[in-house]
>>> print(open('run.txt').read())   # compact mmCIF, C-alpha atoms
# COMPACT_ATOMS: atom_id res chain seq x y z
CA MET Y 334 2.14 20.60 138.89
CA ASP Y 335 5.73 20.40 140.12
CA ALA Y 336 7.86 22.66 137.95
CA GLU Y 337 11.51 22.18 137.20
CA LYS Y 338 13.54 25.34 137.70
CA THR Y 339 12.10 27.76 135.15
CA ALA Y 340 13.13 31.25 134.07
CA PHE Y 341 10.36 33.85 133.91
CA PRO Y 342 10.34 37.47 132.76
CA TYR Y 343 9.97 40.01 135.57
CA HIS Y 344 9.29 43.68 134.99
CA ALA Y 345 11.69 46.07 136.72
CA PRO Y 346 11.50 49.88 136.58
CA ALA Y 347 14.14 51.96 134.85
CA GLY Y 348 13.30 55.36 136.34
CA GLY Y 349 14.25 58.42 134.33
CA LEU Y 350 11.89 61.26 133.40
CA PRO Y 351 9.58 61.67 130.41
CA SER Y 352 10.43 64.04 127.62
CA GLN Y 353 9.11 67.60 127.80
CA SER Y 354 7.31 66.85 124.54
CA ASP Y 355 5.30 63.94 126.02
CA LEU Y 356 1.61 64.32 126.70
CA HIS Y 357 0.57 64.74 130.32
CA THR Y 358 -2.29 62.25 130.07
CA GLY Y 359 -1.70 59.16 132.24
CA ARG Y 360 -3.53 56.22 133.79
CA ALA Y 361 -3.01 56.79 137.54
CA VAL Y 362 -6.12 56.63 139.73
CA PHE Y 363 -6.73 56.99 143.48
CA THR Y 364 -10.22 56.24 144.81
CA GLU Y 365 -11.84 55.40 148.15
CA ALA Y 366 -11.51 51.68 147.36
CA TYR Y 367 -8.32 51.27 145.34
CA ALA Y 368 -5.25 52.98 143.96
CA PHE Y 369 -3.80 52.23 140.54
CA ILE Y 370 -0.16 53.23 140.04
CA PRO Y 371 0.93 52.62 136.44
CA LYS Y 372 4.54 51.94 135.53
CA GLY Y 373 4.89 55.39 133.92
CA VAL Y 374 4.61 56.97 137.37
CA MET Y 375 7.75 55.22 138.66
CA ARG Y 376 10.17 57.98 137.73
CA ASP Y 377 13.27 59.44 139.38
CA ILE Y 378 11.37 62.31 140.97
CA VAL Y 379 9.13 60.06 143.14
CA THR Y 380 11.83 57.88 144.71
CA SER Y 381 12.73 57.90 148.41
CA TYR Y 382 15.97 57.25 150.29
CA LEU Y 383 16.04 55.09 153.41
CA PRO Y 384 18.13 55.34 156.62
CA PHE Y 385 21.30 53.22 156.63
CA TRP Y 386 20.90 52.16 152.99
CA GLU Y 387 23.78 53.03 150.65
CA LYS Y 388 23.54 53.61 146.88
CA THR Y 389 19.83 52.83 147.17
CA ARG Y 390 16.51 54.39 146.27
CA ALA Y 391 12.96 53.08 146.61
CA TRP Y 392 9.58 53.54 145.00
CA VAL Y 393 7.12 53.39 147.90
CA LEU Y 394 4.10 51.73 146.32
CA SER Y 395 1.96 51.44 149.47
CA ARG Y 396 2.01 52.24 153.16
CA PRO Y 397 -0.56 51.91 155.96
CA MET Y 398 -3.17 54.66 155.74
CA THR Y 399 -6.06 55.17 158.15
CA GLY Y 400 -9.34 54.52 156.36
CA PHE Y 401 -7.66 52.80 153.42
CA SER Y 402 -5.23 49.87 153.41
CA GLU Y 403 -3.76 49.47 156.89
CA THR Y 404 -1.68 46.29 157.18
CA PHE Y 405 1.40 46.57 154.96
CA SER Y 406 3.92 48.58 152.99
CA GLN Y 407 5.48 47.63 149.68
CA TYR Y 408 8.71 49.07 148.29
CA LEU Y 409 10.28 48.54 144.90
CA MET Y 410 13.98 48.83 145.71
CA GLU Y 411 16.86 49.76 143.40
CA VAL Y 412 20.37 49.17 144.76
CA GLN Y 413 23.47 50.08 142.78
CA PRO Y 414 26.38 47.60 142.63
CA GLY Y 415 28.13 47.51 145.97
CA GLY Y 416 25.26 49.23 147.73
CA GLY Y 417 22.96 47.86 150.38
CA SER Y 418 22.55 47.98 154.13
CA ASP Y 419 23.92 46.51 157.33
CA ARG Y 420 20.79 47.80 159.16
CA PRO Y 421 18.00 47.26 156.63
CA GLU Y 422 15.01 46.81 158.96
CA LEU Y 423 14.72 49.19 161.92
CA ASP Y 424 11.40 47.81 163.25
CA GLU Y 425 11.98 44.76 165.48
CA GLY Y 426 8.34 43.72 165.06
CA ALA Y 427 8.31 43.79 161.26
CA GLU Y 428 8.37 40.70 159.08
CA GLY Y 429 9.35 40.96 155.44
CA VAL Y 430 9.38 39.32 152.04
CA LEU Y 431 11.98 40.04 149.37
CA PHE Y 432 11.33 39.11 145.73
CA VAL Y 433 14.05 39.86 143.17
CA VAL Y 434 13.10 41.11 139.69
CA GLY Y 435 16.49 42.29 138.39
CA GLY Y 436 20.22 42.07 139.13
CA GLU Y 437 21.78 40.15 141.99
CA ILE Y 438 21.80 40.54 145.75
CA THR Y 439 23.32 38.66 148.65
CA VAL Y 440 21.30 38.50 151.86
CA THR Y 441 23.28 37.44 154.92
CA LEU Y 442 21.10 36.05 157.70
CA ASP Y 443 22.65 34.97 161.00
CA GLY Y 444 26.05 34.80 159.31
CA GLU Y 445 24.94 32.67 156.34
CA ALA Y 446 25.04 34.26 152.85
CA HIS Y 447 22.21 33.65 150.36
CA ALA Y 448 22.70 34.67 146.72
CA MET Y 449 19.47 35.88 145.10
CA THR Y 450 18.78 36.51 141.41
CA PRO Y 451 15.51 37.24 139.52
CA GLY Y 452 12.75 34.93 140.75
CA CYS Y 453 14.33 34.40 144.18
CA TYR Y 454 12.17 34.85 147.27
CA ALA Y 455 13.03 35.33 150.95
CA PHE Y 456 10.83 35.40 154.05
CA LEU Y 457 12.38 37.25 157.00
CA PRO Y 458 10.60 36.95 160.37
CA PRO Y 459 10.45 39.72 162.96
CA SER Y 460 13.73 40.36 164.82
CA ALA Y 461 15.72 38.60 162.08
CA LYS Y 462 19.34 39.75 161.86
CA TRP Y 463 20.09 40.25 158.19
CA THR Y 464 22.11 42.42 155.83
CA LEU Y 465 21.87 42.97 152.08
CA ARG Y 466 24.35 43.86 149.32
CA SER Y 467 23.96 44.33 145.58
CA THR Y 468 26.58 41.94 144.21
CA GLY Y 469 26.11 42.08 140.44
CA THR Y 470 27.37 44.45 137.75
CA GLU Y 471 23.92 45.98 137.18
CA PRO Y 472 21.54 47.62 139.66
CA ALA Y 473 19.60 45.13 141.76
CA ARG Y 474 15.83 45.61 141.82
CA PHE Y 475 13.53 43.79 144.20
CA HIS Y 476 10.21 44.07 146.03
CA TRP Y 477 10.33 44.46 149.79
CA ILE Y 478 6.98 43.85 151.48
CA ARG Y 479 6.81 44.69 155.20
CA LYS Y 480 4.12 43.95 157.77
CA ALA Y 481 3.87 44.30 161.55
CA TYR Y 482 3.75 40.65 162.61
CA GLU Y 483 0.69 39.71 164.68
CA PHE Y 484 1.94 37.46 167.47
CA VAL Y 485 -0.45 34.82 168.86
CA ASP Y 486 0.08 33.09 172.19
CA GLY Y 487 0.63 29.38 171.47
CA LEU Y 488 1.81 29.85 167.87
CA ASP Y 489 5.51 29.89 167.04
CA VAL Y 490 6.94 32.66 164.89
CA PRO Y 491 7.73 31.17 161.44
CA GLU Y 492 11.36 30.64 160.54
CA ALA Y 493 13.17 32.42 157.70
CA PHE Y 494 13.43 30.68 154.35
CA PHE Y 495 14.82 31.28 150.86
CA CYS Y 496 13.62 29.74 147.58
CA GLU Y 497 13.02 30.37 143.86
CA GLU Y 498 9.73 30.69 142.01
CA GLY Y 499 10.75 28.26 139.28
CA THR Y 500 11.14 25.38 141.73
CA ARG Y 501 7.82 25.83 143.55
CA THR Y 502 4.61 23.91 142.98
CA VAL Y 503 2.01 25.70 140.84
CA HIS Y 504 -1.52 25.10 142.17
CA ALA Y 505 -4.29 25.23 139.56
CA MET Y 506 -7.56 26.74 140.67
CA PRO Y 507 -10.42 24.18 140.63
CA ASP Y 508 -12.17 23.59 137.29
CA THR Y 509 -9.83 25.90 135.33
CA GLU Y 510 -7.58 23.23 133.70
CA GLY Y 511 -4.60 25.20 134.95
CA ARG Y 512 -5.50 28.40 133.11
CA TRP Y 513 -5.71 30.22 136.46
CA ALA Y 514 -3.08 29.14 138.96
CA THR Y 515 -1.15 30.24 142.04
CA THR Y 516 2.48 29.70 143.00
CA ARG Y 517 2.52 29.49 146.79
CA PHE Y 518 5.51 30.18 148.95
CA VAL Y 519 3.68 29.41 152.23
CA GLU Y 520 1.02 26.76 152.80
CA PRO Y 521 -2.41 28.31 153.48
CA ASP Y 522 -3.00 26.26 156.64
CA ASP Y 523 0.29 27.26 158.29
CA LEU Y 524 -1.25 29.57 160.89
CA ARG Y 525 2.13 30.87 162.02
CA HIS Y 526 2.03 33.09 158.92
CA ASP Y 527 -0.22 36.15 158.95
CA MET Y 528 0.49 37.21 155.37
CA HIS Y 529 0.89 35.47 152.03
CA VAL Y 530 2.94 36.80 149.13
CA ASN Y 531 2.21 34.56 146.13
CA ILE Y 532 2.36 34.72 142.33
CA VAL Y 533 -0.89 34.44 140.40
CA SER Y 534 -0.86 33.51 136.71
CA LEU Y 535 -3.60 33.46 134.07
CA ASP Y 536 -3.33 32.16 130.53
CA PRO Y 537 -4.60 34.36 127.66
CA GLY Y 538 -8.38 34.42 127.82
CA ALA Y 539 -8.55 33.08 131.39
CA VAL Y 540 -10.76 34.90 133.85
CA ILE Y 541 -11.34 35.47 137.53
CA SER Y 542 -15.00 35.08 136.81
CA PHE Y 543 -16.66 36.57 139.88
CA GLU Y 544 -16.14 39.80 141.78
CA GLU Y 545 -14.06 38.75 144.78
CA THR Y 546 -15.13 40.85 147.76
CA HIS Y 547 -13.25 39.95 150.94
CA VAL Y 548 -11.53 41.19 154.06
CA MET Y 549 -7.97 40.76 152.77
CA GLU Y 550 -6.07 43.84 151.62
CA HIS Y 551 -4.03 43.46 148.45
CA GLY Y 552 -0.96 44.71 146.72
CA LEU Y 553 -0.71 43.43 143.13
CA PHE Y 554 2.39 44.17 141.04
CA VAL Y 555 2.14 42.98 137.44
CA LEU Y 556 5.26 40.98 136.59
CA GLN Y 557 4.33 39.94 133.05
CA GLY Y 558 1.64 40.40 130.41
CA LYS Y 559 -1.53 42.47 130.34
CA ALA Y 560 -5.18 42.20 131.36
CA VAL Y 561 -8.33 44.09 132.14
CA TYR Y 562 -8.90 44.21 135.90
CA ARG Y 563 -12.17 44.94 137.68
CA LEU Y 564 -11.50 47.34 140.57
CA ASN Y 565 -14.59 48.31 142.53
CA ARG Y 566 -16.89 49.79 139.82
CA ASP Y 567 -14.23 50.20 137.12
CA TRP Y 568 -12.58 48.06 134.45
CA VAL Y 569 -8.91 49.11 134.26
CA GLU Y 570 -6.35 48.05 131.63
CA VAL Y 571 -3.17 46.85 133.32
CA GLU Y 572 0.21 45.67 132.06
CA ALA Y 573 3.64 44.60 133.29
CA GLY Y 574 5.05 47.19 135.68
CA ASP Y 575 1.68 48.44 136.98
CA PHE Y 576 0.68 48.26 140.65
CA MET Y 577 -2.79 47.86 142.13
CA TRP Y 578 -3.42 48.66 145.81
CA LEU Y 579 -6.76 47.46 147.18
CA ARG Y 580 -8.35 48.13 150.54
CA ALA Y 581 -10.44 45.46 152.27
CA PHE Y 582 -13.70 44.48 150.53
CA CYS Y 583 -12.85 46.18 147.22
CA PRO Y 584 -14.64 44.07 144.53
CA GLN Y 585 -12.17 42.60 142.03
CA ALA Y 586 -12.14 40.35 138.97
CA CYS Y 587 -9.90 39.88 135.94
CA TYR Y 588 -9.81 39.00 132.25
CA ALA Y 589 -6.35 38.11 130.89
CA GLY Y 590 -5.86 39.73 127.51
CA GLY Y 591 -2.84 37.91 126.09
CA PRO Y 592 -0.96 37.25 123.91
CA GLY Y 593 1.19 35.73 126.66
CA LYS Y 594 0.67 34.84 130.31
CA PHE Y 595 -0.53 37.46 132.77
CA ARG Y 596 1.26 37.17 136.12
CA TYR Y 597 1.39 39.28 139.26
CA LEU Y 598 2.96 39.30 142.71
CA LEU Y 599 0.13 39.30 145.26
CA TYR Y 600 0.14 40.33 148.93
CA LYS Y 601 -2.72 39.57 151.31
CA ASP Y 602 -3.17 39.51 155.09
CA VAL Y 603 -4.50 36.20 156.43
CA ASN Y 604 -5.02 33.89 159.42
CA ARG Y 605 -5.82 36.36 162.19
CA HIS Y 606 -8.94 37.51 164.03
CA ALA Y 607 -10.41 40.84 163.01
CA LYS Y 608 -9.47 43.58 165.48
CA LEU Y 609 -12.49 44.75 167.44
CA ARG Y 610 -10.94 47.83 169.02
CA LEU Y 611 -9.56 50.38 166.58
CA GLY Y 612 -6.03 51.52 167.28
CA ARG Y 613 -5.16 48.43 169.36
>>> encode(input="run.txt", output="structure tokens")
Amino acid sequence: MDAEKTAFPYHAPAGGLPSQSDLHTGRAVFTEAYAFIPKGVMRDIVTSYLPFWEKTRAWVLSRPMTGFSETFSQYLMEVQPGGGSDRPELDEGAEGVLFVVGGEITVTLDGEAHAMTPGCYAFLPPSAKWTLRSTGTEPARFHWIRKAYEFVDGLDVPEAFFCEEGTRTVHAMPDTEGRWATTRFVEPDDLRHDMHVNIVSLDPGAVISFEETHVMEHGLFVLQGKAVYRLNRDWVEVEAGDFMWLRAFCPQACYAGGPGKFRYLLYKDVNRHAKLRLGR
């Protein structure tokens, strides 16, 4: 269906530290096939600072690791008003996606300013010349997904673009009556793109009814709602603010628990041959 501009809730971390009286027991898990990072882990003490970023900290949710997930990194950025960077990306070969979940930012690309608020999405190709500033009165929070772009002779590098979730087409999965759907920001058959960052939504009671087992690596950040997610051999309760990091071929399925929609931001690598020589 073609949606008119719609406002959605998006979970954003608040940081801080738990009380000394809180129980230690948590939900975090790291296995050979997946990592589960619950929202309670995203505290002040685990943030990182980045070169040439001002008034900024980041939760590093994933990074390439030999023998695990190797294609991407995902940051959850927090930029105080007036902060940002004039040199945000130091890797000329890196492409990126920004997705805003709180506050306001302005991204200036090739001299043109783009205001971004919650639900706004940007694709930034390798070698793009961009800057970013937090322009609101509250801290800006956004996902920054980075991948080394895989160039292919005969395929153009995709151009940058900016858009909003609420104005994109929602594609229902076949035979689900719209209960399981995907908001796409890139068309699947556009082979210039070697990664997709989409939003998946399930209505209460909807299911991913088979154990997907595939070559794509995943980062899944829960934007809204709750569910029970199948990760390899385990059923794991997940809710808004949690992050799931899956290596290739990790079996996965889902049951949306309600009472409202369950939605997550999904990364996957696509549209390239498998590398036959490790390290090249």
>>> atom_distance(input="run.txt", atom1="CA of Arg517 (chain Y)", atom2="CA of Thr502 (chain Y)")
7.1 Å
>>> atom_distance(input="run.txt", atom1="CA of Ile478 (chain Y)", atom2="CA of Ser395 (chain Y)")
9.3 Å
>>> residues_around(input="run.txt", residues="Met549 (chain Y)", least_positions_apart="2", cutoff="8 Å", atoms="all atoms listed in the file", output="JSON, numbers by chain")
{"Y": [547, 551, 580, 581, 582, 601, 602, 603]}
>>> residues_around(input="run.txt", residues="region 352-364 of chain Y", least_positions_apart="5", cutoff="8 Å", atoms="all atoms listed in the file", output="list in words")
Phe369, Ile370, Pro371, Gly373 and Val374 of chain Y
>>> closest_residue(input="run.txt", among="Y:Leu535, Y:Ala473, Y:Val519, Y:Leu350", to="Pro592 (chain Y)", atoms="all atoms listed in the file")
Y:Leu535
>>> residues_near_point(input="run.txt", point="(-0.9, 36.3, 170.6)", cutoff="12 Å", atoms="all atoms listed in the file", output="PyMOL selection string")
chain Y and resi 482-490+524-525+527+605-606
>>> residues_around(input="run.txt", residues="region 387-392 of chain Y", least_positions_apart="3", cutoff="7 Å", atoms="only C-alpha atoms", output="PyMOL selection string")
chain Y and resi 375+379-382+408-413+416-418
>>> write_last_selection(input="run.txt", atoms="C-alpha atoms", output="short mmCIF file (atom, residue, chain, number, x, y, z; two decimals), in the frame of the given file")
data_model
loop_
_atom_site.label_atom_id
_atom_site.label_comp_id
_atom_site.auth_asym_id
_atom_site.auth_seq_id
_atom_site.Cartn_x
_atom_site.Cartn_y
_atom_site.Cartn_z
CA MET Y 375 7.75 55.22 138.66
CA VAL Y 379 9.13 60.06 143.14
CA THR Y 380 11.83 57.88 144.71
CA SER Y 381 12.73 57.90 148.41
CA TYR Y 382 15.97 57.25 150.29
CA TYR Y 408 8.71 49.07 148.29
CA LEU Y 409 10.28 48.54 144.90
CA MET Y 410 13.98 48.83 145.71
CA GLU Y 411 16.86 49.76 143.40
CA VAL Y 412 20.37 49.17 144.76
CA GLN Y 413 23.47 50.08 142.78
CA GLY Y 416 25.26 49.23 147.73
CA GLY Y 417 22.96 47.86 150.38
CA SER Y 418 22.55 47.98 154.13
#
>>> closest_atom_pairs(input="run.txt", of="region 419-505 of chain Y", to="region 529-534 of chain Y", cutoff="10 Å", atoms="all atoms listed in the file", output="Markdown table")
| residue | atom | partner | partner_atom | distance |
| --- | --- | --- | --- | --- |
| Y:Gly429 | CA | Y:Val530 | CA | 9.9 |
| Y:Val430 | CA | Y:Val530 | CA | 7.5 |
| Y:Leu431 | CA | Y:Val530 | CA | 9.6 |
| Y:Phe432 | CA | Y:Val530 | CA | 9.3 |
| Y:Tyr454 | CA | Y:Val530 | CA | 9.6 |
| Y:Phe456 | CA | Y:Val530 | CA | 9.4 |
| Y:Ile478 | CA | Y:Val530 | CA | 8.5 |
| Y:Glu498 | CA | Y:Ile532 | CA | 8.4 |
| Y:Val503 | CA | Y:Ile532 | CA | 9.1 |
| Y:His504 | CA | Y:Val533 | CA | 9.5 |
| Y:Ala505 | CA | Y:Ser534 | CA | 9.4 |
>>> residues_around(input="run.txt", residues="Cys583 (chain Y)", least_positions_apart="6", cutoff="10 Å", atoms="all atoms listed in the file", output="VMD selection string")
chain Y and resid 365 to 367 544 to 551 563 to 566
>>> closest_residue(input="run.txt", among="Y:Met449, Y:Ala368, Y:Val561, Y:Met528", to="Glu428 (chain Y)", atoms="all atoms listed in the file")
Y:Met528
>>> closest_residue(input="run.txt", among="Y:Phe554, Y:Trp463, Y:Tyr597, Y:Phe475", to="Trp578 (chain Y)", atoms="only C-alpha atoms")
Y:Phe554
>>> closest_residue(input="run.txt", among="Y:Pro384, Y:Gly590, Y:Cys453, Y:Ile541", to="Asp508 (chain Y)", atoms="only C-alpha atoms")
Y:Ile541
>>> closest_residue(input="run.txt", among="Y:Ala539, Y:Leu383, Y:Ala586, Y:Cys496", to="Thr509 (chain Y)", atoms="all atoms listed in the file")
Y:Ala539
>>> residues_around(input="run.txt", residues="Gly444 (chain Y)", least_positions_apart="6", cutoff="12 Å", atoms="all atoms listed in the file", output="MDAnalysis selection string")
chainID Y and resid 461:465
>>> atom_distance(input="run.txt", atom1="CA of Thr470 (chain Y)", atom2="CA of Arg420 (chain Y)")
22.6 Å
>>> closest_residue(input="run.txt", among="Y:Ala481, Y:Ala455, Y:Leu553, Y:Cys587", to="Asp575 (chain Y)", atoms="only C-alpha atoms")
Y:Leu553
>>> axis_aligned_box(input="run.txt", around="region 475-494 of chain Y", padding_each_side="5 Å", output="JSON")
{"center_x": 6.5, "center_y": 37.0, "center_z": 158.2, "size_x": 24.0, "size_y": 25.3, "size_z": 38.0}
>>> build_atoms(input="run.txt", residues="region 489-511 of chain Y", atoms="N, CA and C atoms", output="PDB file, keeping the file's coordinate frame")
ATOM      1  N   ASP Y 489       4.120  29.489 167.240  1.00  0.00           N
ATOM      2  CA  ASP Y 489       5.510  29.890 167.040  1.00  0.00           C
ATOM      3  C   ASP Y 489       5.606  30.931 165.921  1.00  0.00           C
ATOM      4  N   VAL Y 490       6.628  31.754 165.997  1.00  0.00           N
ATOM      5  CA  VAL Y 490       6.940  32.660 164.890  1.00  0.00           C
ATOM      6  C   VAL Y 490       7.577  31.825 163.784  1.00  0.00           C
ATOM      7  N   PRO Y 491       7.150  31.992 162.513  1.00  0.00           N
ATOM      8  CA  PRO Y 491       7.730  31.170 161.440  1.00  0.00           C
ATOM      9  C   PRO Y 491       9.205  31.490 161.228  1.00  0.00           C
ATOM     10  N   GLU Y 492       9.935  30.477 160.788  1.00  0.00           N
ATOM     11  CA  GLU Y 492      11.360  30.640 160.540  1.00  0.00           C
ATOM     12  C   GLU Y 492      11.594  31.289 159.173  1.00  0.00           C
ATOM     13  N   ALA Y 493      12.779  31.855 159.003  1.00  0.00           N
ATOM     14  CA  ALA Y 493      13.170  32.420 157.700  1.00  0.00           C
ATOM     15  C   ALA Y 493      13.340  31.297 156.687  1.00  0.00           C
ATOM     16  N   PHE Y 494      13.109  31.623 155.411  1.00  0.00           N
ATOM     17  CA  PHE Y 494      13.430  30.680 154.350  1.00  0.00           C
ATOM     18  C   PHE Y 494      13.708  31.423 153.057  1.00  0.00           C
ATOM     19  N   PHE Y 495      14.446  30.750 152.163  1.00  0.00           N
ATOM     20  CA  PHE Y 495      14.820  31.280 150.860  1.00  0.00           C
ATOM     21  C   PHE Y 495      14.457  30.236 149.809  1.00  0.00           C
ATOM     22  N   CYS Y 496      13.978  30.675 148.643  1.00  0.00           N
ATOM     23  CA  CYS Y 496      13.620  29.740 147.580  1.00  0.00           C
ATOM     24  C   CYS Y 496      13.554  30.494 146.253  1.00  0.00           C
ATOM     25  N   GLU Y 497      13.170  29.776 145.189  1.00  0.00           N
ATOM     26  CA  GLU Y 497      13.020  30.370 143.860  1.00  0.00           C
ATOM     27  C   GLU Y 497      11.655  30.005 143.294  1.00  0.00           C
ATOM     28  N   GLU Y 498      11.050  30.950 142.584  1.00  0.00           N
ATOM     29  CA  GLU Y 498       9.730  30.690 142.010  1.00  0.00           C
ATOM     30  C   GLU Y 498       9.729  29.450 141.128  1.00  0.00           C
ATOM     31  N   GLY Y 499      10.744  29.319 140.278  1.00  0.00           N
ATOM     32  CA  GLY Y 499      10.750  28.260 139.280  1.00  0.00           C
ATOM     33  C   GLY Y 499      10.825  26.855 139.825  1.00  0.00           C
ATOM     34  N   THR Y 500      11.080  26.712 141.132  1.00  0.00           N
ATOM     35  CA  THR Y 500      11.140  25.380 141.730  1.00  0.00           C
ATOM     36  C   THR Y 500       9.937  25.094 142.623  1.00  0.00           C
ATOM     37  N   ARG Y 501       8.991  26.014 142.689  1.00  0.00           N
ATOM     38  CA  ARG Y 501       7.820  25.830 143.550  1.00  0.00           C
ATOM     39  C   ARG Y 501       6.671  25.157 142.803  1.00  0.00           C
ATOM     40  N   THR Y 502       5.785  24.548 143.551  1.00  0.00           N
ATOM     41  CA  THR Y 502       4.610  23.910 142.980  1.00  0.00           C
ATOM     42  C   THR Y 502       3.602  24.972 142.549  1.00  0.00           C
ATOM     43  N   VAL Y 503       3.050  24.803 141.352  1.00  0.00           N
ATOM     44  CA  VAL Y 503       2.010  25.700 140.840  1.00  0.00           C
ATOM     45  C   VAL Y 503       0.663  25.013 141.076  1.00  0.00           C
ATOM     46  N   HIS Y 504      -0.233  25.674 141.796  1.00  0.00           N
ATOM     47  CA  HIS Y 504      -1.520  25.100 142.170  1.00  0.00           C
ATOM     48  C   HIS Y 504      -2.604  25.661 141.255  1.00  0.00           C
ATOM     49  N   ALA Y 505      -3.198  24.796 140.440  1.00  0.00           N
ATOM     50  CA  ALA Y 505      -4.290  25.230 139.560  1.00  0.00           C
ATOM     51  C   ALA Y 505      -5.548  25.461 140.378  1.00  0.00           C
ATOM     52  N   MET Y 506      -6.269  26.515 140.039  1.00  0.00           N
ATOM     53  CA  MET Y 506      -7.560  26.740 140.670  1.00  0.00           C
ATOM     54  C   MET Y 506      -8.546  25.683 140.174  1.00  0.00           C
ATOM     55  N   PRO Y 507      -9.498  25.259 141.020  1.00  0.00           N
ATOM     56  CA  PRO Y 507     -10.420  24.180 140.630  1.00  0.00           C
ATOM     57  C   PRO Y 507     -11.199  24.515 139.356  1.00  0.00           C
ATOM     58  N   ASP Y 508     -11.336  23.510 138.498  1.00  0.00           N
ATOM     59  CA  ASP Y 508     -12.170  23.590 137.290  1.00  0.00           C
ATOM     60  C   ASP Y 508     -11.678  24.627 136.285  1.00  0.00           C
ATOM     61  N   THR Y 509     -10.373  24.930 136.301  1.00  0.00           N
ATOM     62  CA  THR Y 509      -9.830  25.900 135.330  1.00  0.00           C
ATOM     63  C   THR Y 509      -8.829  25.248 134.376  1.00  0.00           C
ATOM     64  N   GLU Y 510      -8.548  23.945 134.544  1.00  0.00           N
ATOM     65  CA  GLU Y 510      -7.580  23.230 133.700  1.00  0.00           C
ATOM     66  C   GLU Y 510      -6.219  23.921 133.694  1.00  0.00           C
ATOM     67  N   GLY Y 511      -5.897  24.555 134.804  1.00  0.00           N
ATOM     68  CA  GLY Y 511      -4.600  25.200 134.950  1.00  0.00           C
ATOM     69  C   GLY Y 511      -4.486  26.573 134.337  1.00  0.00           C
TER      70      GLY Y 511
END
